[in-house]
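The data block below is run_6.cif; it holds mmCIF, C-alpha atoms.
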```cif
data_query
loop_
_atom_site.label_atom_id
_atom_site.label_comp_id
_atom_site.auth_asym_id
_atom_site.auth_seq_id
_atom_site.Cartn_x
_atom_site.Cartn_y
_atom_site.Cartn_z
CA MET A 1 27.31 27.64 33.38
CA ARG A 2 29.94 25.29 32.06
CA GLU A 3 30.79 23.93 35.50
CA GLU A 4 27.14 23.56 36.33
CA PHE A 5 26.71 21.57 33.13
CA ARG A 6 29.65 19.30 34.06
CA ALA A 7 28.09 18.65 37.46
CA ASP A 8 24.71 17.86 35.92
CA LEU A 9 26.31 15.59 33.35
CA GLN A 10 28.08 13.76 36.18
CA ILE A 11 24.74 13.11 37.86
CA VAL A 12 23.31 11.67 34.62
CA SER A 13 26.42 9.56 34.18
CA GLN A 14 26.09 8.18 37.72
CA LEU A 15 22.43 7.32 37.09
CA LEU A 16 23.50 5.32 34.03
CA VAL A 17 26.21 3.52 36.02
CA ASP A 18 23.60 2.70 38.68
CA MET A 19 21.25 1.40 35.98
CA ALA A 20 24.02 -0.78 34.52
CA GLU A 21 24.76 -2.26 37.96
CA GLY A 22 21.04 -2.77 38.49
CA VAL A 23 20.49 -4.69 35.25
CA ARG A 24 23.63 -6.75 35.83
CA ALA A 25 22.40 -7.75 39.29
CA ALA A 26 18.92 -8.44 37.88
CA MET A 27 20.25 -10.81 35.21
CA ARG A 28 22.51 -12.59 37.74
CA GLN A 29 19.55 -13.14 40.06
CA ALA A 30 17.31 -14.19 37.18
CA THR A 31 19.89 -16.79 36.13
CA THR A 32 20.10 -18.09 39.69
CA ALA A 33 16.31 -18.28 39.77
CA LEU A 34 16.31 -20.13 36.45
CA LEU A 35 19.01 -22.67 37.21
CA THR A 36 18.09 -23.41 40.84
CA ALA A 37 14.30 -22.88 40.67
CA ASP A 38 14.76 -20.16 43.33
CA ARG A 39 11.35 -18.53 43.64
CA PRO A 40 12.28 -15.63 45.98
CA ALA A 41 15.15 -14.67 43.66
CA ALA A 42 12.79 -14.64 40.66
CA GLU A 43 10.27 -12.53 42.56
CA ARG A 44 12.93 -10.03 43.56
CA VAL A 45 13.87 -9.55 39.89
CA VAL A 46 10.25 -9.06 38.83
CA GLU A 47 9.59 -6.56 41.62
CA GLY A 48 12.95 -4.83 41.18
CA ASP A 49 12.29 -3.92 37.55
CA ALA A 50 10.22 -0.91 38.69
CA GLU A 51 13.39 0.59 40.18
CA ILE A 52 15.24 0.24 36.86
CA ASP A 53 12.28 1.87 35.11
CA ASP A 54 12.33 4.69 37.68
CA ARG A 55 15.99 5.35 36.99
CA TYR A 56 15.25 5.42 33.27
CA ARG A 57 12.64 8.13 33.87
CA HIS A 58 15.10 10.03 36.06
CA VAL A 59 17.66 10.02 33.25
CA GLU A 60 15.04 11.27 30.80
CA GLU A 61 13.88 14.03 33.13
CA ARG A 62 17.44 15.13 33.90
CA VAL A 63 18.39 15.17 30.22
CA CYS A 64 15.27 17.11 29.19
CA ASP A 65 15.85 19.56 32.02
CA LEU A 66 19.48 20.01 30.94
CA LEU A 67 18.53 20.48 27.29
CA ALA A 68 15.97 23.12 28.25
CA ARG A 69 18.16 25.00 30.77
CA GLN A 70 21.58 24.78 29.17
CA ALA A 71 20.91 24.33 25.44
CA PRO A 72 24.12 22.34 24.95
CA VAL A 73 25.72 22.05 21.52
CA ALA A 74 28.36 19.86 19.86
CA SER A 75 29.87 17.21 22.13
CA ASP A 76 27.73 18.24 25.12
CA LEU A 77 24.57 17.76 23.06
CA ARG A 78 25.95 14.44 21.85
CA ALA A 79 26.44 13.38 25.47
CA MET A 80 22.78 14.14 26.19
CA ILE A 81 21.48 12.17 23.21
CA THR A 82 23.83 9.30 24.05
CA ALA A 83 22.52 9.22 27.62
CA LEU A 84 18.95 8.84 26.31
CA HIS A 85 19.96 5.96 24.03
CA VAL A 86 22.01 4.20 26.70
CA ALA A 87 19.22 4.53 29.26
CA ALA A 88 16.73 3.03 26.78
CA ASP A 89 19.03 0.05 26.14
CA LEU A 90 19.56 -0.49 29.88
CA GLU A 91 15.83 -0.27 30.57
CA ARG A 92 15.24 -2.98 27.97
CA MET A 93 18.02 -5.15 29.46
CA GLY A 94 16.12 -4.96 32.74
CA ASP A 95 12.96 -6.16 30.97
CA LEU A 96 14.85 -9.11 29.53
CA ALA A 97 16.17 -10.12 32.98
CA GLN A 98 12.56 -9.91 34.15
CA HIS A 99 11.46 -12.21 31.29
CA VAL A 100 14.04 -14.80 32.38
CA ALA A 101 12.80 -14.56 35.97
CA LYS A 102 9.16 -14.91 34.86
CA THR A 103 10.03 -18.05 32.89
CA ALA A 104 11.54 -19.52 36.07
CA LEU A 105 8.37 -18.58 37.99
CA ARG A 106 6.06 -20.07 35.36
CA ARG A 107 7.70 -23.49 35.69
CA HIS A 108 8.32 -23.37 39.44
CA PRO A 109 8.81 -25.69 41.35
CA SER A 110 10.00 -27.59 38.27
CA PRO A 111 13.23 -26.29 36.74
CA ALA A 112 12.55 -24.47 33.46
CA VAL A 113 15.89 -25.70 32.09
CA PRO A 114 16.63 -29.44 31.87
CA ALA A 115 20.05 -30.84 32.82
CA GLU A 116 21.28 -31.06 29.20
CA LEU A 117 20.82 -27.30 28.74
CA ARG A 118 22.25 -26.09 32.03
CA PRO A 119 25.81 -25.76 30.67
CA VAL A 120 24.78 -23.63 27.68
CA PHE A 121 22.61 -21.32 29.79
CA THR A 122 25.32 -21.10 32.46
CA ASP A 123 27.74 -20.00 29.73
CA MET A 124 25.26 -17.56 28.14
CA ALA A 125 24.67 -16.01 31.57
CA ALA A 126 28.43 -15.70 32.12
CA VAL A 127 28.85 -13.86 28.79
CA ALA A 128 25.89 -11.61 29.62
CA ASP A 129 27.38 -10.88 33.04
CA ARG A 130 30.81 -9.97 31.66
CA MET A 131 29.22 -7.64 29.10
CA ALA A 132 27.01 -5.97 31.72
CA GLU A 133 30.09 -5.52 33.92
CA LYS A 134 32.00 -3.91 31.05
CA ILE A 135 29.11 -1.55 30.37
CA GLY A 136 29.34 -0.32 33.96
CA VAL A 137 33.08 0.25 33.50
CA VAL A 138 32.82 2.21 30.23
CA LEU A 139 29.94 4.31 31.53
CA ALA A 140 31.95 5.22 34.63
CA HIS A 141 35.20 5.74 32.69
CA PRO A 142 34.42 6.24 28.98
CA ASP A 143 37.05 4.53 26.82
CA ALA A 144 36.42 3.96 23.12
CA THR A 145 38.72 0.92 22.91
CA VAL A 146 37.07 -0.89 25.80
CA ALA A 147 33.58 0.10 24.58
CA ALA A 148 34.35 -1.24 21.10
CA GLU A 149 35.37 -4.59 22.59
CA LEU A 150 31.72 -5.23 23.44
CA ASP A 151 31.08 -5.96 19.77
CA SER A 152 33.38 -9.00 19.76
CA ASP A 153 32.47 -9.88 23.36
CA ASP A 154 29.10 -10.77 21.85
CA ASP A 155 30.56 -13.43 19.50
CA PRO A 156 30.56 -16.23 22.12
CA MET A 157 26.89 -15.44 22.78
CA ASP A 158 26.06 -16.05 19.12
CA ASP A 159 28.05 -19.32 19.19
CA LEU A 160 26.23 -20.44 22.35
CA HIS A 161 22.91 -19.54 20.77
CA LYS A 162 23.75 -21.80 17.81
CA SER A 163 24.85 -24.63 20.09
CA LEU A 164 21.56 -24.31 21.99
CA PHE A 165 19.66 -25.04 18.77
CA THR A 166 21.98 -27.96 18.03
CA VAL A 167 20.89 -29.55 21.33
CA LEU A 168 17.21 -28.72 20.80
CA LEU A 169 17.21 -30.13 17.27
CA GLY A 170 19.24 -33.27 18.09
CA ASP A 171 17.54 -36.58 17.33
CA ASP A 172 17.82 -37.47 20.99
CA TRP A 173 16.04 -34.37 22.42
CA PRO A 174 13.84 -36.06 25.03
CA TYR A 175 11.88 -33.15 26.52
CA GLY A 176 9.23 -32.38 23.96
CA VAL A 177 7.94 -29.14 22.55
CA GLU A 178 7.11 -27.17 25.72
CA THR A 179 10.65 -27.30 27.09
CA ALA A 180 12.01 -26.48 23.61
CA ILE A 181 9.76 -23.40 23.45
CA ASP A 182 10.98 -22.21 26.88
CA ALA A 183 14.59 -22.76 25.86
CA THR A 184 14.07 -20.93 22.55
CA LEU A 185 12.65 -17.88 24.30
CA LEU A 186 15.28 -17.97 27.06
CA GLY A 187 18.02 -18.14 24.45
CA ARG A 188 16.51 -15.12 22.74
CA PHE A 189 16.36 -13.17 26.05
CA TYR A 190 20.07 -13.68 26.79
CA GLU A 191 21.01 -12.96 23.17
CA ARG A 192 19.00 -9.72 23.12
CA PHE A 193 20.47 -8.69 26.50
CA ALA A 194 23.92 -9.01 24.91
CA ASP A 195 22.78 -7.14 21.76
CA HIS A 196 21.71 -4.18 23.89
CA ALA A 197 25.10 -4.28 25.63
CA VAL A 198 26.72 -4.04 22.18
CA ASN A 199 24.47 -1.05 21.44
CA VAL A 200 25.63 0.66 24.63
CA GLY A 201 29.24 0.10 23.55
CA GLU A 202 28.49 1.66 20.14
CA HIS A 203 26.84 4.68 21.77
CA VAL A 204 29.88 5.22 24.00
CA VAL A 205 32.23 4.91 21.00
CA TYR A 206 30.12 7.48 19.14
CA LEU A 207 30.16 9.77 22.15
CA ILE A 208 33.96 9.72 22.33
CA THR A 209 34.91 9.64 18.66
CA GLY A 210 31.88 11.27 17.04
CA GLU A 211 31.83 8.33 14.63
CA ALA A 212 29.42 5.43 14.40
CA SER A 213 31.30 2.16 14.79
CA MET B 1 12.78 31.48 14.33
CA ARG B 2 9.46 30.07 15.39
CA GLU B 3 8.27 29.55 11.82
CA GLU B 4 11.57 28.02 10.87
CA PHE B 5 11.19 25.61 13.78
CA ARG B 6 7.67 24.67 12.65
CA ALA B 7 8.96 23.95 9.16
CA ASP B 8 11.82 21.82 10.50
CA LEU B 9 9.45 19.97 12.80
CA GLN B 10 7.22 19.26 9.82
CA ILE B 11 10.15 17.67 8.00
CA VAL B 12 10.90 15.43 11.00
CA SER B 13 7.23 14.53 11.24
CA GLN B 14 7.14 13.58 7.55
CA LEU B 15 10.25 11.41 7.99
CA LEU B 16 8.47 9.54 10.80
CA VAL B 17 5.34 9.07 8.67
CA ASP B 18 7.55 7.72 5.87
CA MET B 19 9.23 5.35 8.34
CA ALA B 20 5.83 4.12 9.57
CA GLU B 21 4.71 3.45 6.01
CA GLY B 22 8.02 1.72 5.32
CA VAL B 23 7.79 -0.66 8.28
CA ARG B 24 4.13 -1.38 7.54
CA ALA B 25 5.01 -2.32 3.94
CA ALA B 26 7.98 -4.36 5.18
CA MET B 27 5.84 -6.43 7.56
CA ARG B 28 3.17 -6.97 4.89
CA GLN B 29 5.79 -8.23 2.44
CA ALA B 30 7.46 -10.35 5.13
CA THR B 31 4.11 -11.98 5.90
CA THR B 32 3.52 -12.69 2.21
CA ALA B 33 7.01 -14.19 2.03
CA LEU B 34 6.28 -16.30 5.08
CA LEU B 35 2.88 -17.62 4.08
CA THR B 36 3.57 -18.18 0.39
CA ALA B 37 7.30 -19.05 0.53
CA ASP B 38 7.88 -16.04 -1.76
CA ARG B 39 11.65 -15.69 -1.94
CA PRO B 40 11.85 -12.38 -3.89
CA ALA B 41 9.46 -10.76 -1.40
CA ALA B 42 11.60 -11.94 1.51
CA GLU B 43 14.74 -10.64 -0.16
CA ARG B 44 13.16 -7.24 -0.77
CA VAL B 45 12.37 -6.93 2.94
CA VAL B 46 15.90 -7.88 3.97
CA GLU B 47 17.46 -5.44 1.49
CA GLY B 48 14.92 -2.71 2.22
CA ASP B 49 15.79 -2.55 5.92
CA ALA B 50 18.80 -0.35 5.11
CA GLU B 51 16.41 2.35 3.89
CA ILE B 52 14.48 2.27 7.18
CA ASP B 53 17.78 2.52 9.06
CA ASP B 54 18.78 5.48 6.86
CA ARG B 55 15.57 7.29 7.70
CA TYR B 56 16.22 6.63 11.39
CA ARG B 57 19.62 8.30 11.07
CA HIS B 58 18.04 11.21 9.19
CA VAL B 59 15.58 11.75 12.04
CA GLU B 60 18.41 11.67 14.56
CA GLU B 61 20.52 14.12 12.57
CA ARG B 62 17.61 16.50 12.03
CA VAL B 63 16.65 16.41 15.70
CA CYS B 64 20.23 16.98 16.89
CA ASP B 65 20.59 19.80 14.40
CA LEU B 66 17.35 21.36 15.60
CA LEU B 67 18.31 21.02 19.27
CA ALA B 68 21.67 22.68 18.57
CA ARG B 69 20.34 25.51 16.37
CA GLN B 70 17.03 26.31 18.00
CA ALA B 71 17.41 25.19 21.64
CA PRO B 72 13.70 24.42 21.94
CA VAL B 73 12.02 24.29 25.35
CA ALA B 74 8.73 22.99 26.78
CA SER B 75 6.44 21.35 24.24
CA ASP B 76 8.87 21.92 21.36
CA LEU B 77 11.61 20.10 23.25
CA ARG B 78 9.11 17.35 24.08
CA ALA B 79 8.36 16.99 20.36
CA MET B 80 12.06 16.50 19.66
CA ILE B 81 12.54 13.85 22.34
CA THR B 82 9.34 12.12 21.21
CA ALA B 83 10.62 12.02 17.63
CA LEU B 84 13.79 10.26 18.80
CA HIS B 85 11.78 7.65 20.72
CA VAL B 86 9.30 7.07 17.90
CA ALA B 87 12.09 6.70 15.34
CA ALA B 88 13.84 4.14 17.57
CA ASP B 89 10.61 2.12 17.87
CA LEU B 90 10.01 2.25 14.12
CA GLU B 91 13.59 1.22 13.37
CA ARG B 92 13.13 -1.82 15.60
CA MET B 93 9.80 -2.67 13.92
CA GLY B 94 11.71 -2.75 10.63
CA ASP B 95 14.21 -5.19 12.18
CA LEU B 96 11.37 -7.45 13.29
CA ALA B 97 9.87 -7.49 9.77
CA GLN B 98 13.33 -8.43 8.56
CA HIS B 99 13.49 -11.30 11.09
CA VAL B 100 10.18 -12.66 9.75
CA ALA B 101 11.52 -12.44 6.18
CA LYS B 102 14.76 -14.18 7.16
CA THR B 103 12.81 -17.03 8.75
CA ALA B 104 10.95 -17.47 5.44
CA LEU B 105 14.29 -17.48 3.59
CA ARG B 106 15.87 -19.99 5.96
CA ARG B 107 13.15 -22.57 5.25
CA HIS B 108 12.66 -21.77 1.54
CA PRO B 109 11.45 -23.51 -0.61
CA SER B 110 9.58 -25.23 2.23
CA PRO B 111 6.99 -23.08 3.98
CA ALA B 112 8.19 -22.03 7.46
CA VAL B 113 4.61 -22.17 8.74
CA PRO B 114 2.60 -25.40 8.49
CA ALA B 115 -1.07 -25.38 7.47
CA GLU B 116 -2.37 -25.59 11.06
CA LEU B 117 -0.64 -22.33 11.97
CA ARG B 118 -1.48 -20.29 8.88
CA PRO B 119 -4.71 -18.90 10.35
CA VAL B 120 -3.08 -17.65 13.55
CA PHE B 121 -0.18 -16.02 11.70
CA THR B 122 -2.58 -14.51 9.14
CA ASP B 123 -4.51 -12.99 12.04
CA MET B 124 -1.37 -11.80 13.85
CA ALA B 125 -0.20 -10.14 10.64
CA ALA B 126 -3.60 -8.46 10.22
CA VAL B 127 -3.41 -7.01 13.75
CA ALA B 128 0.17 -5.86 13.14
CA ASP B 129 -0.90 -4.24 9.88
CA ARG B 130 -3.82 -2.35 11.44
CA MET B 131 -1.57 -1.08 14.22
CA ALA B 132 1.15 0.01 11.78
CA GLU B 133 -1.51 1.80 9.73
CA LYS B 134 -2.79 3.60 12.82
CA ILE B 135 0.73 4.69 13.72
CA GLY B 136 1.01 6.35 10.32
CA VAL B 137 -2.29 8.15 10.92
CA VAL B 138 -1.43 9.48 14.40
CA LEU B 139 2.04 10.56 13.30
CA ALA B 140 0.55 12.50 10.38
CA HIS B 141 -2.35 13.89 12.45
CA PRO B 142 -1.53 13.62 16.17
CA ASP B 143 -4.65 12.69 18.16
CA ALA B 144 -4.34 11.48 21.76
CA THR B 145 -7.56 9.45 21.65
CA VAL B 146 -6.60 7.53 18.52
CA ALA B 147 -3.02 7.08 19.77
CA ALA B 148 -4.28 5.69 23.08
CA GLU B 149 -6.39 3.12 21.19
CA LEU B 150 -3.18 1.34 20.19
CA ASP B 151 -2.91 -0.01 23.73
CA SER B 152 -6.14 -2.02 23.42
CA ASP B 153 -5.52 -2.72 19.72
CA ASP B 154 -2.71 -4.91 21.03
CA ASP B 155 -5.07 -7.16 23.06
CA PRO B 156 -5.99 -9.43 20.12
CA MET B 157 -2.27 -9.92 19.48
CA ASP B 158 -1.80 -11.23 23.01
CA ASP B 159 -4.80 -13.55 22.58
CA LEU B 160 -3.43 -14.83 19.27
CA HIS B 161 -0.05 -15.37 20.88
CA LYS B 162 -1.69 -17.52 23.55
CA SER B 163 -3.67 -19.49 20.96
CA LEU B 164 -0.43 -20.11 19.06
CA PHE B 165 1.02 -21.86 22.11
CA THR B 166 -2.20 -23.85 22.53
CA VAL B 167 -1.67 -25.29 19.04
CA LEU B 168 2.05 -25.89 19.58
CA LEU B 169 1.47 -27.64 22.92
CA GLY B 170 -1.49 -29.72 21.76
CA ASP B 171 -1.08 -33.49 22.06
CA ASP B 172 -1.58 -33.76 18.34
CA TRP B 173 1.20 -31.35 17.27
CA PRO B 174 2.75 -33.38 14.41
CA TYR B 175 5.63 -31.17 13.25
CA GLY B 176 8.31 -31.71 15.82
CA VAL B 177 10.63 -29.32 17.60
CA GLU B 178 12.16 -27.41 14.67
CA THR B 179 8.84 -26.10 13.38
CA ALA B 180 7.77 -25.29 16.95
CA ILE B 181 10.96 -23.24 17.44
CA ASP B 182 10.32 -21.29 14.22
CA ALA B 183 6.72 -20.66 15.24
CA THR B 184 7.78 -19.55 18.74
CA LEU B 185 10.21 -16.99 17.35
CA LEU B 186 7.79 -15.81 14.65
CA GLY B 187 5.11 -15.33 17.29
CA ARG B 188 7.55 -13.27 19.31
CA PHE B 189 8.46 -11.12 16.27
CA TYR B 190 4.81 -10.19 15.57
CA GLU B 191 4.13 -9.63 19.26
CA ARG B 192 7.14 -7.34 19.67
CA PHE B 193 6.19 -5.46 16.48
CA ALA B 194 2.82 -4.72 18.09
CA ASP B 195 4.48 -3.79 21.42
CA HIS B 196 6.57 -1.16 19.65
CA ALA B 197 3.39 0.16 17.99
CA VAL B 198 1.89 0.53 21.48
CA ASN B 199 5.04 2.42 22.53
CA VAL B 200 4.62 4.81 19.61
CA GLY B 201 1.04 5.41 20.70
CA GLU B 202 2.20 6.18 24.25
CA HIS B 203 4.84 8.60 22.97
CA VAL B 204 2.23 10.46 20.89
CA VAL B 205 -0.14 10.63 23.89
CA TYR B 206 2.70 12.03 26.00
CA LEU B 207 3.55 14.54 23.30
CA ILE B 208 -0.01 15.86 23.20
CA THR B 209 -1.03 15.67 26.85
CA GLY B 210 2.35 15.91 28.60
CA GLU B 211 1.31 12.86 30.62
CA ALA B 212 2.53 9.28 30.42
CA SER B 213 -0.39 6.98 29.65
#
```

I need this file expressed as structure tokens, please.
Amino acid sequence: MREEFRADLQIVSQLLVDMAEGVRAAMRQATTALLTADRPAAERVVEGDAEIDDRYRHVEERVCDLLARQAPVASDLRAMITALHVAADLERMGDLAQHVAKTALRRHPSPAVPAELRPVFTDMAAVADRMAEKIGVVLAHPDATVAAELDSDDDPMDDLHKSLFTVLLGDDWPYGVETAIDATLLGRFYERFADHAVNVGEHVVYLITGEAS
Amino acid sequence: MREEFRADLQIVSQLLVDMAEGVRAAMRQATTALLTADRPAAERVVEGDAEIDDRYRHVEERVCDLLARQAPVASDLRAMITALHVAADLERMGDLAQHVAKTALRRHPSPAVPAELRPVFTDMAAVADRMAEKIGVVLAHPDATVAAELDSDDDPMDDLHKSLFTVLLGDDWPYGVETAIDATLLGRFYERFADHAVNVGEHVVYLITGEAS
């Protein structure tokens, strides 16, 4: 029974790692689509979200099946509940990558992001990518120290978000309200993506230590 | 055992109803704070979010305790998983009410919403309030038909969201970029609040019918 549970848990864990890789790839492609007005890349992200959603459902089904068959307790039960939370965060990260891609599509063939904002979005995307990468690592090899780092990994994202508003609210902002609205929402999508990565880190810390960070 | 489980389930259910009432009250107060620049109301929402978060943790603890002690299967297990999902949605709805309140605080004593946008935000808040009310009803008395209504209840929110952008992007928008940014984010907060209400409806439908809507 115990070994069977370990094997099942390993399958769930691999599904989560696959989801993390999927949402990381989605956000990378969405950023490419955004910054280079790459329509096929944007379309791939929008279409690919169904696969992330499918994996989410697989995790849920596996976990419910495990709970019903094995009735785990203590740390095994905690691992099941953590998997549900992590999968929900990853599913939402996929949605946010899709929102970025849809913004690129809505403005295509014009770029949704004007030249002045390309550096800040390039940097936000880099932070998001590093955090998504780290999620994949801690899901594959749970480590409370590395997982807890995600909290401070998010700090540059908050700084970038502030600097985005500094540009938008500068006296010399030349692009008008529509571009400011797009940039506001895009900033929110990257920031929320990072927030969910922080959540995943907290869930992994809780799983290992039994304590909320 | 079975009766004990029913009693425990009833406690979880009541916690969810309390959460739904709490987030409804929070969004009502946040809207008042927003539209009347009412600082004490805004502060109450910001401070009150901790109570919603506490209830979320209570639901989680109760559910984990129930899963460990009673090892429910089939529809009882589904009720437990549903409770976790619903609590997560409600917790996030509380955060969104808090975001609205914080926007009001950031602009206080100026109103964050100019006169031209008061009608659309009044209407968005009314839709949000009706949906939050309905959540409370279906959590107290699960009914798949009423729960499924939440999906179409959200349609006016989407229409209002579009009409918000029509005002913001009109040639005669006189308020500049900062007010447009606030309005964009506020629109997103109300829209997401309603999206989470739709999610709750879907979870309740799934709980009753065993089928995703």

Distance query segment 113-129 of chain A at most 10 Å, all atoms listed in the file, self and fewer than 2 positions along chain excluded, as a count of residues only: 51

Neighbours of chain A in chain B at 7 Å, counting only C-alpha atoms, as an mmCIF file with C-alpha atoms, in the frame of the given file:
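Now in result32.cif:
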```
data_model
loop_
_atom_site.group_PDB
_atom_site.id
_atom_site.type_symbol
_atom_site.label_atom_id
_atom_site.label_comp_id
_atom_site.auth_asym_id
_atom_site.auth_seq_id
_atom_site.Cartn_x
_atom_site.Cartn_y
_atom_site.Cartn_z
ATOM 1 C CA ALA B 68 21.670 22.680 18.570
ATOM 2 C CA ALA B 71 17.410 25.190 21.640
ATOM 3 C CA PRO B 72 13.700 24.420 21.940
ATOM 4 C CA VAL B 73 12.020 24.290 25.350
ATOM 5 C CA LEU B 169 1.470 -27.640 22.920
ATOM 6 C CA VAL B 177 10.630 -29.320 17.600
ATOM 7 C CA GLU B 178 12.160 -27.410 14.670
ATOM 8 C CA ALA B 180 7.770 -25.290 16.950
ATOM 9 C CA ILE B 181 10.960 -23.240 17.440
ATOM 10 C CA THR B 184 7.780 -19.550 18.740
#
```

Near-Val59 of chain A list (8 Å; all atoms listed in the file; drop same-chain fewer than 3 positions) as a PyMOL selection string: chain A and resi 12+15-16+55-56+62-63+83-84+87

Residues near Glu202 of chain A, cut-off 9 Å, all atoms listed in the file, skip fewer than 2 positions along chain, as a ChimeraX atom specification: /A:144,147-148,150-151,197-200,204-207,212-213

Can you write out the residues you just picked, keeping C-alpha atoms, as a tab-separated table (two decimals), keeping the file's coordinate frame?
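The resulting file, result-v2.tsv, is reproduced below:
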```tsv
chain	number	residue	atom	x	y	z
A	144	ALA	CA	36.42	3.96	23.12
A	147	ALA	CA	33.58	0.10	24.58
A	148	ALA	CA	34.35	-1.24	21.10
A	150	LEU	CA	31.72	-5.23	23.44
A	151	ASP	CA	31.08	-5.96	19.77
A	197	ALA	CA	25.10	-4.28	25.63
A	198	VAL	CA	26.72	-4.04	22.18
A	199	ASN	CA	24.47	-1.05	21.44
A	200	VAL	CA	25.63	0.66	24.63
A	204	VAL	CA	29.88	5.22	24.00
A	205	VAL	CA	32.23	4.91	21.00
A	206	TYR	CA	30.12	7.48	19.14
A	207	LEU	CA	30.16	9.77	22.15
A	212	ALA	CA	29.42	5.43	14.40
A	213	SER	CA	31.30	2.16	14.79
```

Atomic separation - atom CA of Asp49 of chain A relative to atom CA of His196 of chain B, Å: 19.0 Å

Point-to-point distance from atom CA of Ala79 of chain A to atom CA of His203 of chain A, Å rounded to tenths: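 Atom CA of His203 of chain A lies 9.5 Å from atom CA of Ala79 of chain A.
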
Selected residue, from B:Val17, B:Ala41, B:Ile52, B:Leu66, that lies nearest to Glu4 of chain B when counting only C-alpha atoms: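 Ranked by minimum distance to Glu4 of chain B, first place goes to B:Leu66.
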
Between atom CA of Asp89 of chain B and atom CA of Ser13 of chain B, distance in Å (one decimal): 14.5 Å

Hits from the PyMOL selection byres ((chain B and resi 45) around 9), listed as a PyMOL selection string: chain B and resi 25-27+29-30+40-44+46-49+94+97-98+101-102
